[in-house]
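Before any comments, here is the structure.
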Amino acid sequence: MNRRSEDATPGYEDNAALRGFGGYEPADAPRAQPKRIRPKAKPLKWRRAPWFGLVFIALVAGVLNAFGIGKPRPASSSPPPSPLVVTPSPRATVPPAVAGWRSVAGGDGAYAYDVPPNWEPAPGTQHGWDGIRLITSAFLGKCDGGAGITTEPLADLEAAARKAATDLASGAYGAAPEIGPGSDAQVARADGTPVPARVVVASVTPVPTGECAVRQAQLAVLAFGEDSGTSGVVVAYGTSARDELERIVRSYRFVPAADRGVTTPPPTTVR
């Protein structure tokens with residue numbers, strides 16, 4: 001998965017909302033506005049990274065061969081073409097802060113949050129609906145939930161968290177959430193100094209449409225900032241327990257340079 005596709009500022013006209021926030025300016029934000037996804041009550045659509053196209057091509061070739069189309073022809077005097085070997089882009093890695101969980105790192109490892117081991121980190125994927133876009137994503141299966149990061153142009157942290165919860169519930173589930181009272185939290189900078197934060201949790205009864213219809217969903221949203229006029233926002237949603245979703249968003253932190261690593265996935269051969 002190509003990490004470069006992740007860092008478009010979701011739901012915004014440009015990248016200014018994420019620039020410089022919290023002492024960090026994302027190095028790999030794309031420059032284009034993400035395409036809107038309609039209708040809003042339908043299940044989320046993931047924006048695949050470029051390597052998905054290569055896998056799709058290989059899959060189609062396999063299907064054609066199964067039907068006898070594209071089977072090897074009699075040998076000719078021309079040598080067969082060499083296979084194409086694609087080396088994926090390096091990915092940032094950081095250690096999880098929650099024991100036994102998996103980290104989801106963005107911005108070359110400059111920030112991260114953690115998800116349970118049955119979740120799938122997808123830091124190079126952005127997803128969302130009309131009204132909210134999320135980068136540095138993670139997912140629980142196809143229909144059971146997800147997480148990601150965005151910003152809100154609000155200085156009031158609880159107002160920012162409530163707006164993100166409302167927009168996500170409307171976009172993902174087609175209904176208004178029941179939001180509980182907020183609680184205080186902190187986000188640690190890379191040097192260990194705290195940034196004030198606010199957490200809200202909510203429940204929503206989804207409109208039963210689409211293949212991912214569920215009876216009840218939970219949301220957890222953390223908003224953080226320091227009088228900049230813009231709040232960073234971390235959201236987790238789905239059918240998981242509310243406490244687990246809240247633990248996901250509370251794990252968000254900035255990562256010291258000494259704790260950041262890079263890994264390169266194994267090359268993929270496409271014939």
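Numbering starts fresh at 1 for the residues of each chain in the structure tokens, the chains themselves are lettered A, B, ... in the order given, and ligands are numbered from 1 as they appear.
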
Please list as an NGL selection string every residue within 7 Å of stretch 143-145 of chain A, counting only C-alpha atoms and excluding residues in the same chain fewer than 3 positions away.
:A and (139-140 or 212 or 237-239)

List the spatial neighbours of A:Asp114 as an mmCIF file with C-alpha atoms, in the first residue's frame - criterion: any atom at most 7 Å away, only C-alpha atoms, same-chain residues fewer than 5 positions off excluded.
```cif
data_model
loop_
_atom_site.group_PDB
_atom_site.id
_atom_site.type_symbol
_atom_site.label_atom_id
_atom_site.label_comp_id
_atom_site.auth_asym_id
_atom_site.auth_seq_id
_atom_site.Cartn_x
_atom_site.Cartn_y
_atom_site.Cartn_z
ATOM 1 C CA PRO A 96 2.825 0.333 20.113
ATOM 2 C CA ALA A 97 2.084 2.167 23.335
ATOM 3 C CA VAL A 98 -0.592 -0.390 24.308
ATOM 4 C CA TRP A 101 -1.820 -3.983 20.174
ATOM 5 C CA ARG A 102 -0.619 -2.852 16.725
ATOM 6 C CA SER A 103 0.547 0.670 15.931
ATOM 7 C CA VAL A 104 -0.778 2.722 13.027
ATOM 8 C CA ILE A 248 -7.848 3.484 20.584
ATOM 9 C CA SER A 251 -3.468 6.047 22.405
#
```

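Distance annotation: of A:Ala190, A:Ile135, A:Ala176, A:Val115, the residue with the minimal separation from A:Ala257 is A:Ala190; atom set is only C-alpha atoms.
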
Which residues, written as a ChimeraX atom specification, have at least one atom at most 6 Å from A:Gly106, with only C-alpha atoms counted and residues fewer than 3 positions away on the same chain left out?
/A:109,111,136

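Relative to atom CA of A:Arg260, atom CA of A:Val94 is found at 5.1 Å.
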
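Contact shell of A:Gln216 at 9 Å (only C-alpha atoms; same-chain neighbours under 2 positions omitted): Ser203, Val204, Thr205, Pro206, Val214, Gln218, Gly238 and Thr239 of chain A.
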
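Of the residues listed (A:Val235, A:Val187, A:Val195, A:Ala112), A:Val235 shows the shortest atom-to-atom separation from A:Ile132; distances use only C-alpha atoms.
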
Please, which residues of stretch 155-184 of chain A, numbered as in this document, come out helix (DSSP H, G or I) from DSSP, as JSON, numbers by chain?
{"A": [157, 158, 159, 160, 161, 162, 163, 164, 165, 166, 167, 168, 169, 170, 171, 172, 173]}

Dump as a tab-separated table the rows for residues of stretch 231-261 of chain A within 6 Å of stretch 151-156 of chain A: closest atom pair and distance in Å with one decimal, only C-alpha atoms counted, ordered by chain and rising residue number.
```
residue	atom	partner	partner_atom	distance
A:Ser231	CA	A:Glu152	CA	5.3
A:Gly232	CA	A:Thr151	CA	4.5
A:Val233	CA	A:Thr151	CA	5.2
```

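Checking A:Gly107, A:Gly128, A:Pro256, A:Pro121 one by one against A:Gly171, counting only C-alpha atoms, you find the shortest gap at A:Gly128.
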
Shell around A:Asp184 at 12 Å using only C-alpha atoms, local window under 5 positions removed, as JSON, numbers by chain:
{"A": [157, 158, 161, 195, 196, 197, 198, 199, 200, 221, 222, 223, 224, 250]}

Pull N, CA and C atoms from the residues just selected and write them as an mmCIF file, in the first residue's frame.
```cif
data_model
loop_
_atom_site.group_PDB
_atom_site.id
_atom_site.type_symbol
_atom_site.label_atom_id
_atom_site.label_comp_id
_atom_site.auth_asym_id
_atom_site.auth_seq_id
_atom_site.Cartn_x
_atom_site.Cartn_y
_atom_site.Cartn_z
ATOM 1 N N LEU A 157 -12.162 22.308 21.921
ATOM 2 C CA LEU A 157 -11.883 20.893 21.714
ATOM 3 C C LEU A 157 -13.139 20.031 21.787
ATOM 4 N N GLU A 158 -14.000 20.290 22.739
ATOM 5 C CA GLU A 158 -15.209 19.461 22.832
ATOM 6 C C GLU A 158 -16.125 19.726 21.643
ATOM 7 N N ALA A 161 -14.731 17.733 18.780
ATOM 8 C CA ALA A 161 -14.993 16.302 18.912
ATOM 9 C C ALA A 161 -16.456 15.983 18.613
ATOM 10 N N VAL A 195 -0.239 17.893 25.487
ATOM 11 C CA VAL A 195 -1.132 18.768 24.742
ATOM 12 C C VAL A 195 -2.545 18.485 25.247
ATOM 13 N N PRO A 196 -3.311 19.504 25.615
ATOM 14 C CA PRO A 196 -4.660 19.257 26.124
ATOM 15 C C PRO A 196 -5.547 18.596 25.066
ATOM 16 N N ALA A 197 -6.448 17.735 25.539
ATOM 17 C CA ALA A 197 -7.339 17.020 24.636
ATOM 18 C C ALA A 197 -8.682 16.807 25.332
ATOM 19 N N ARG A 198 -9.655 16.446 24.521
ATOM 20 C CA ARG A 198 -10.999 16.188 25.026
ATOM 21 C C ARG A 198 -11.559 14.978 24.288
ATOM 22 N N VAL A 199 -12.220 14.062 25.021
ATOM 23 C CA VAL A 199 -12.782 12.845 24.435
ATOM 24 C C VAL A 199 -14.294 12.838 24.618
ATOM 25 N N VAL A 200 -15.006 12.473 23.558
ATOM 26 C CA VAL A 200 -16.433 12.200 23.662
ATOM 27 C C VAL A 200 -16.692 10.810 23.102
ATOM 28 N N VAL A 221 -14.243 9.789 19.951
ATOM 29 C CA VAL A 221 -13.543 10.874 19.256
ATOM 30 C C VAL A 221 -12.674 11.629 20.243
ATOM 31 N N LEU A 222 -11.414 11.825 19.882
ATOM 32 C CA LEU A 222 -10.501 12.645 20.674
ATOM 33 C C LEU A 222 -10.102 13.859 19.846
ATOM 34 N N ALA A 223 -10.250 15.043 20.426
ATOM 35 C CA ALA A 223 -9.805 16.284 19.783
ATOM 36 C C ALA A 223 -8.713 16.902 20.634
ATOM 37 N N PHE A 224 -7.655 17.412 19.988
ATOM 38 C CA PHE A 224 -6.539 17.987 20.742
ATOM 39 C C PHE A 224 -6.036 19.236 20.034
ATOM 40 N N ARG A 250 -7.434 7.356 22.623
ATOM 41 C CA ARG A 250 -6.567 7.882 23.681
ATOM 42 C C ARG A 250 -5.107 7.452 23.499
#
```

List every residue of stretch 70-233 of chain A that DSSP, applied to the backbone, labels as strand (DSSP E), and write the result as an mmCIF file with N, CA, C and O atoms, in the first residue's frame.
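New file result.cif:
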```cif
data_model
loop_
_atom_site.group_PDB
_atom_site.id
_atom_site.type_symbol
_atom_site.label_atom_id
_atom_site.label_comp_id
_atom_site.auth_asym_id
_atom_site.auth_seq_id
_atom_site.Cartn_x
_atom_site.Cartn_y
_atom_site.Cartn_z
ATOM 1 N N LEU A 84 8.194 -8.382 -14.254
ATOM 2 C CA LEU A 84 8.330 -7.059 -13.653
ATOM 3 C C LEU A 84 8.322 -7.208 -12.139
ATOM 4 O O LEU A 84 7.392 -7.786 -11.568
ATOM 5 N N VAL A 85 9.348 -6.728 -11.488
ATOM 6 C CA VAL A 85 9.448 -6.791 -10.034
ATOM 7 C C VAL A 85 9.202 -5.399 -9.474
ATOM 8 O O VAL A 85 9.906 -4.448 -9.812
ATOM 9 N N VAL A 86 8.174 -5.278 -8.649
ATOM 10 C CA VAL A 86 7.793 -3.996 -8.071
ATOM 11 C C VAL A 86 8.168 -3.981 -6.595
ATOM 12 O O VAL A 86 7.767 -4.871 -5.836
ATOM 13 N N ARG A 91 7.675 1.833 4.613
ATOM 14 C CA ARG A 91 6.614 2.239 5.527
ATOM 15 C C ARG A 91 7.214 2.588 6.888
ATOM 16 O O ARG A 91 8.140 1.922 7.359
ATOM 17 N N ALA A 92 6.654 3.592 7.510
ATOM 18 C CA ALA A 92 7.105 3.975 8.846
ATOM 19 C C ALA A 92 6.591 2.960 9.863
ATOM 20 O O ALA A 92 5.476 2.456 9.759
ATOM 21 N N THR A 93 7.413 2.665 10.851
ATOM 22 C CA THR A 93 7.014 1.768 11.925
ATOM 23 C C THR A 93 7.383 2.406 13.266
ATOM 24 O O THR A 93 8.418 3.048 13.402
ATOM 25 N N ARG A 102 -1.397 -3.153 17.924
ATOM 26 C CA ARG A 102 -0.619 -2.852 16.725
ATOM 27 C C ARG A 102 -0.647 -1.342 16.499
ATOM 28 O O ARG A 102 -1.699 -0.702 16.623
ATOM 29 N N SER A 103 0.492 -0.772 16.162
ATOM 30 C CA SER A 103 0.547 0.670 15.931
ATOM 31 C C SER A 103 0.153 0.999 14.496
ATOM 32 O O SER A 103 0.362 0.209 13.576
ATOM 33 N N VAL A 104 -0.428 2.178 14.339
ATOM 34 C CA VAL A 104 -0.778 2.722 13.027
ATOM 35 C C VAL A 104 -0.044 4.053 12.914
ATOM 36 O O VAL A 104 -0.418 5.036 13.572
ATOM 37 N N ALA A 105 1.025 4.079 12.134
ATOM 38 C CA ALA A 105 1.918 5.239 12.095
ATOM 39 C C ALA A 105 1.689 6.052 10.835
ATOM 40 O O ALA A 105 1.514 5.507 9.748
ATOM 41 N N GLY A 106 1.722 7.349 10.977
ATOM 42 C CA GLY A 106 1.597 8.253 9.841
ATOM 43 C C GLY A 106 2.684 9.301 9.873
ATOM 44 O O GLY A 106 3.440 9.423 10.841
ATOM 45 N N TYR A 111 3.739 10.510 14.092
ATOM 46 C CA TYR A 111 2.604 10.349 15.002
ATOM 47 C C TYR A 111 2.038 8.946 14.807
ATOM 48 O O TYR A 111 2.269 8.288 13.779
ATOM 49 N N ALA A 112 1.275 8.465 15.794
ATOM 50 C CA ALA A 112 0.733 7.111 15.717
ATOM 51 C C ALA A 112 -0.394 6.951 16.721
ATOM 52 O O ALA A 112 -0.527 7.726 17.679
ATOM 53 N N TYR A 113 -1.189 5.928 16.482
ATOM 54 C CA TYR A 113 -2.143 5.451 17.480
ATOM 55 C C TYR A 113 -2.149 3.934 17.380
ATOM 56 O O TYR A 113 -1.559 3.347 16.454
ATOM 57 N N ASP A 114 -2.787 3.270 18.332
ATOM 58 C CA ASP A 114 -2.762 1.813 18.388
ATOM 59 C C ASP A 114 -4.153 1.239 18.207
ATOM 60 O O ASP A 114 -5.162 1.869 18.574
ATOM 61 N N VAL A 115 -4.214 0.015 17.659
ATOM 62 C CA VAL A 115 -5.473 -0.710 17.496
ATOM 63 C C VAL A 115 -5.283 -2.132 18.012
ATOM 64 O O VAL A 115 -4.154 -2.642 18.081
ATOM 65 N N GLU A 120 -6.793 -4.209 11.302
ATOM 66 C CA GLU A 120 -5.782 -4.166 10.256
ATOM 67 C C GLU A 120 -5.321 -2.731 10.027
ATOM 68 O O GLU A 120 -6.079 -1.903 9.508
ATOM 69 N N PRO A 121 -4.093 -2.386 10.407
ATOM 70 C CA PRO A 121 -3.589 -1.044 10.109
ATOM 71 C C PRO A 121 -3.523 -0.825 8.598
ATOM 72 O O PRO A 121 -3.115 -1.703 7.840
ATOM 73 N N ALA A 122 -3.941 0.351 8.163
ATOM 74 C CA ALA A 122 -3.887 0.713 6.739
ATOM 75 C C ALA A 122 -3.472 2.180 6.637
ATOM 76 O O ALA A 122 -4.239 3.022 6.176
ATOM 77 N N GLN A 126 -6.882 6.395 2.759
ATOM 78 C CA GLN A 126 -7.811 7.391 3.282
ATOM 79 C C GLN A 126 -9.222 6.918 2.973
ATOM 80 O O GLN A 126 -9.458 6.239 1.966
ATOM 81 N N HIS A 127 -10.137 7.214 3.859
ATOM 82 C CA HIS A 127 -11.518 6.814 3.636
ATOM 83 C C HIS A 127 -12.439 7.840 4.275
ATOM 84 O O HIS A 127 -12.002 8.717 5.019
ATOM 85 N N GLY A 128 -13.728 7.748 3.976
ATOM 86 C CA GLY A 128 -14.661 8.686 4.566
ATOM 87 C C GLY A 128 -15.935 8.822 3.771
ATOM 88 O O GLY A 128 -16.240 8.017 2.897
ATOM 89 N N TRP A 129 -16.662 9.872 4.093
ATOM 90 C CA TRP A 129 -17.956 10.148 3.508
ATOM 91 C C TRP A 129 -18.076 11.653 3.321
ATOM 92 O O TRP A 129 -17.204 12.408 3.748
ATOM 93 N N ILE A 132 -16.731 14.242 6.123
ATOM 94 C CA ILE A 132 -15.572 13.849 6.920
ATOM 95 C C ILE A 132 -14.687 12.919 6.114
ATOM 96 O O ILE A 132 -15.159 12.004 5.433
ATOM 97 N N ARG A 133 -13.385 13.185 6.155
ATOM 98 C CA ARG A 133 -12.379 12.356 5.506
ATOM 99 C C ARG A 133 -11.325 11.970 6.533
ATOM 100 O O ARG A 133 -10.917 12.797 7.357
ATOM 101 N N LEU A 134 -10.879 10.732 6.482
ATOM 102 C CA LEU A 134 -9.942 10.218 7.474
ATOM 103 C C LEU A 134 -8.692 9.697 6.785
ATOM 104 O O LEU A 134 -8.775 8.979 5.783
ATOM 105 N N ILE A 135 -7.534 10.048 7.340
ATOM 106 C CA ILE A 135 -6.253 9.532 6.864
ATOM 107 C C ILE A 135 -5.657 8.622 7.933
ATOM 108 O O ILE A 135 -6.193 8.497 9.032
ATOM 109 N N THR A 136 -4.518 7.985 7.613
ATOM 110 C CA THR A 136 -3.827 7.088 8.545
ATOM 111 C C THR A 136 -4.851 6.117 9.147
ATOM 112 O O THR A 136 -5.071 6.066 10.348
ATOM 113 N N SER A 137 -5.463 5.336 8.272
ATOM 114 C CA SER A 137 -6.625 4.531 8.639
ATOM 115 C C SER A 137 -6.262 3.182 9.254
ATOM 116 O O SER A 137 -5.133 2.701 9.140
ATOM 117 N N ALA A 138 -7.262 2.580 9.885
ATOM 118 C CA ALA A 138 -7.214 1.190 10.328
ATOM 119 C C ALA A 138 -8.640 0.661 10.224
ATOM 120 O O ALA A 138 -9.605 1.427 10.314
ATOM 121 N N PHE A 139 -8.784 -0.674 10.035
ATOM 122 C CA PHE A 139 -10.112 -1.238 9.832
ATOM 123 C C PHE A 139 -10.277 -2.532 10.619
ATOM 124 O O PHE A 139 -9.327 -3.289 10.826
ATOM 125 N N GLY A 145 -15.992 -1.779 11.483
ATOM 126 C CA GLY A 145 -15.488 -0.552 12.080
ATOM 127 C C GLY A 145 -14.206 -0.063 11.461
ATOM 128 O O GLY A 145 -13.625 -0.701 10.584
ATOM 129 N N GLY A 146 -13.774 1.088 11.935
ATOM 130 C CA GLY A 146 -12.554 1.684 11.420
ATOM 131 C C GLY A 146 -12.090 2.812 12.313
ATOM 132 O O GLY A 146 -12.711 3.141 13.330
ATOM 133 N N ALA A 147 -10.987 3.415 11.930
ATOM 134 C CA ALA A 147 -10.410 4.522 12.681
ATOM 135 C C ALA A 147 -9.591 5.372 11.725
ATOM 136 O O ALA A 147 -9.230 4.936 10.629
ATOM 137 N N GLY A 148 -9.305 6.595 12.136
ATOM 138 C CA GLY A 148 -8.493 7.477 11.318
ATOM 139 C C GLY A 148 -8.373 8.851 11.946
ATOM 140 O O GLY A 148 -8.869 9.096 13.056
ATOM 141 N N ILE A 149 -7.720 9.743 11.225
ATOM 142 C CA ILE A 149 -7.367 11.060 11.739
ATOM 143 C C ILE A 149 -7.844 12.133 10.777
ATOM 144 O O ILE A 149 -7.777 11.960 9.554
ATOM 145 N N THR A 150 -8.305 13.236 11.324
ATOM 146 C CA THR A 150 -8.710 14.381 10.526
ATOM 147 C C THR A 150 -8.460 15.644 11.340
ATOM 148 O O THR A 150 -7.771 15.609 12.369
ATOM 149 N N THR A 151 -8.970 16.771 10.891
ATOM 150 C CA THR A 151 -8.917 18.014 11.658
ATOM 151 C C THR A 151 -10.268 18.689 11.588
ATOM 152 O O THR A 151 -11.082 18.414 10.699
ATOM 153 N N GLU A 152 -10.521 19.578 12.532
ATOM 154 C CA GLU A 152 -11.721 20.407 12.528
ATOM 155 C C GLU A 152 -11.299 21.858 12.721
ATOM 156 O O GLU A 152 -10.433 22.141 13.561
ATOM 157 N N GLU A 178 -26.082 9.785 19.700
ATOM 158 C CA GLU A 178 -26.350 10.217 21.071
ATOM 159 C C GLU A 178 -24.991 10.374 21.745
ATOM 160 O O GLU A 178 -24.333 9.387 22.071
ATOM 161 N N ILE A 179 -24.578 11.616 21.949
ATOM 162 C CA ILE A 179 -23.230 11.902 22.441
ATOM 163 C C ILE A 179 -23.261 12.129 23.946
ATOM 164 O O ILE A 179 -24.040 12.935 24.449
ATOM 165 N N SER A 183 -14.823 14.196 28.367
ATOM 166 C CA SER A 183 -13.880 14.006 29.463
ATOM 167 C C SER A 183 -12.510 14.485 29.018
ATOM 168 O O SER A 183 -12.184 14.517 27.827
ATOM 169 N N ASP A 184 -11.670 14.863 29.994
ATOM 170 C CA ASP A 184 -10.342 15.384 29.689
ATOM 171 C C ASP A 184 -9.386 14.268 29.280
ATOM 172 O O ASP A 184 -9.514 13.120 29.695
ATOM 173 N N ALA A 185 -8.412 14.645 28.479
ATOM 174 C CA ALA A 185 -7.367 13.721 28.048
ATOM 175 C C ALA A 185 -6.127 14.536 27.717
ATOM 176 O O ALA A 185 -6.140 15.779 27.802
ATOM 177 N N GLN A 186 -5.051 13.846 27.359
ATOM 178 C CA GLN A 186 -3.816 14.510 26.940
ATOM 179 C C GLN A 186 -3.197 13.747 25.776
ATOM 180 O O GLN A 186 -3.362 12.531 25.658
ATOM 181 N N VAL A 187 -2.507 14.487 24.914
ATOM 182 C CA VAL A 187 -1.719 13.903 23.841
ATOM 183 C C VAL A 187 -0.264 14.275 24.109
ATOM 184 O O VAL A 187 0.040 15.445 24.363
ATOM 185 N N ALA A 188 0.613 13.292 24.071
ATOM 186 C CA ALA A 188 2.021 13.552 24.358
ATOM 187 C C ALA A 188 2.758 13.989 23.099
ATOM 188 O O ALA A 188 2.681 13.342 22.061
ATOM 189 N N PRO A 194 2.765 17.590 27.464
ATOM 190 C CA PRO A 194 1.379 17.250 27.145
ATOM 191 C C PRO A 194 0.678 18.334 26.326
ATOM 192 O O PRO A 194 0.972 19.517 26.442
ATOM 193 N N VAL A 195 -0.239 17.893 25.487
ATOM 194 C CA VAL A 195 -1.132 18.768 24.742
ATOM 195 C C VAL A 195 -2.545 18.485 25.247
ATOM 196 O O VAL A 195 -2.944 17.323 25.335
ATOM 197 N N PRO A 196 -3.311 19.504 25.615
ATOM 198 C CA PRO A 196 -4.660 19.257 26.124
ATOM 199 C C PRO A 196 -5.547 18.596 25.066
ATOM 200 O O PRO A 196 -5.423 18.867 23.872
ATOM 201 N N ALA A 197 -6.448 17.735 25.539
ATOM 202 C CA ALA A 197 -7.339 17.020 24.636
ATOM 203 C C ALA A 197 -8.682 16.807 25.332
ATOM 204 O O ALA A 197 -8.808 16.946 26.549
ATOM 205 N N ARG A 198 -9.655 16.446 24.521
ATOM 206 C CA ARG A 198 -10.999 16.188 25.026
ATOM 207 C C ARG A 198 -11.559 14.978 24.288
ATOM 208 O O ARG A 198 -11.375 14.846 23.067
ATOM 209 N N VAL A 199 -12.220 14.062 25.021
ATOM 210 C CA VAL A 199 -12.782 12.845 24.435
ATOM 211 C C VAL A 199 -14.294 12.838 24.618
ATOM 212 O O VAL A 199 -14.801 13.154 25.695
ATOM 213 N N VAL A 200 -15.006 12.473 23.558
ATOM 214 C CA VAL A 200 -16.433 12.200 23.662
ATOM 215 C C VAL A 200 -16.692 10.810 23.102
ATOM 216 O O VAL A 200 -15.995 10.345 22.202
ATOM 217 N N VAL A 201 -17.684 10.132 23.669
ATOM 218 C CA VAL A 201 -18.117 8.831 23.158
ATOM 219 C C VAL A 201 -19.600 8.941 22.834
ATOM 220 O O VAL A 201 -20.330 9.756 23.418
ATOM 221 N N ALA A 202 -20.048 8.139 21.896
ATOM 222 C CA ALA A 202 -21.428 8.247 21.421
ATOM 223 C C ALA A 202 -21.905 6.901 20.920
ATOM 224 O O ALA A 202 -21.107 6.000 20.621
ATOM 225 N N SER A 203 -23.204 6.753 20.816
ATOM 226 C CA SER A 203 -23.816 5.584 20.184
ATOM 227 C C SER A 203 -24.755 6.069 19.098
ATOM 228 O O SER A 203 -25.245 7.198 19.130
ATOM 229 N N VAL A 204 -24.990 5.200 18.109
ATOM 230 C CA VAL A 204 -25.856 5.570 17.000
ATOM 231 C C VAL A 204 -26.606 4.332 16.536
ATOM 232 O O VAL A 204 -26.054 3.228 16.518
ATOM 233 N N ALA A 217 -24.057 0.984 16.629
ATOM 234 C CA ALA A 217 -22.640 1.314 16.466
ATOM 235 C C ALA A 217 -22.219 2.268 17.566
ATOM 236 O O ALA A 217 -23.035 3.004 18.129
ATOM 237 N N GLN A 218 -20.933 2.248 17.863
ATOM 238 C CA GLN A 218 -20.346 3.114 18.876
ATOM 239 C C GLN A 218 -19.292 4.005 18.227
ATOM 240 O O GLN A 218 -18.661 3.622 17.240
ATOM 241 N N LEU A 219 -19.094 5.183 18.800
ATOM 242 C CA LEU A 219 -18.090 6.123 18.314
ATOM 243 C C LEU A 219 -17.258 6.626 19.483
ATOM 244 O O LEU A 219 -17.784 6.811 20.589
ATOM 245 N N ALA A 220 -15.975 6.851 19.251
ATOM 246 C CA ALA A 220 -15.121 7.555 20.211
ATOM 247 C C ALA A 220 -14.314 8.573 19.428
ATOM 248 O O ALA A 220 -13.779 8.261 18.358
ATOM 249 N N VAL A 221 -14.243 9.789 19.951
ATOM 250 C CA VAL A 221 -13.543 10.874 19.256
ATOM 251 C C VAL A 221 -12.674 11.629 20.243
ATOM 252 O O VAL A 221 -13.133 11.994 21.336
ATOM 253 N N LEU A 222 -11.414 11.825 19.882
ATOM 254 C CA LEU A 222 -10.501 12.645 20.674
ATOM 255 C C LEU A 222 -10.102 13.859 19.846
ATOM 256 O O LEU A 222 -9.673 13.715 18.696
ATOM 257 N N ALA A 223 -10.250 15.043 20.426
ATOM 258 C CA ALA A 223 -9.805 16.284 19.783
ATOM 259 C C ALA A 223 -8.713 16.902 20.634
ATOM 260 O O ALA A 223 -8.798 16.910 21.864
ATOM 261 N N PHE A 224 -7.655 17.412 19.988
ATOM 262 C CA PHE A 224 -6.539 17.987 20.742
ATOM 263 C C PHE A 224 -6.036 19.236 20.034
ATOM 264 O O PHE A 224 -6.196 19.401 18.828
ATOM 265 N N SER A 231 -8.304 22.054 15.499
ATOM 266 C CA SER A 231 -8.114 20.917 16.393
ATOM 267 C C SER A 231 -7.788 19.671 15.592
ATOM 268 O O SER A 231 -8.430 19.393 14.568
ATOM 269 N N GLY A 232 -6.786 18.920 16.048
ATOM 270 C CA GLY A 232 -6.559 17.590 15.506
ATOM 271 C C GLY A 232 -7.603 16.652 16.073
ATOM 272 O O GLY A 232 -8.043 16.800 17.215
ATOM 273 N N VAL A 233 -8.039 15.678 15.274
ATOM 274 C CA VAL A 233 -9.127 14.787 15.682
ATOM 275 C C VAL A 233 -8.770 13.343 15.333
ATOM 276 O O VAL A 233 -8.321 13.060 14.216
#
```
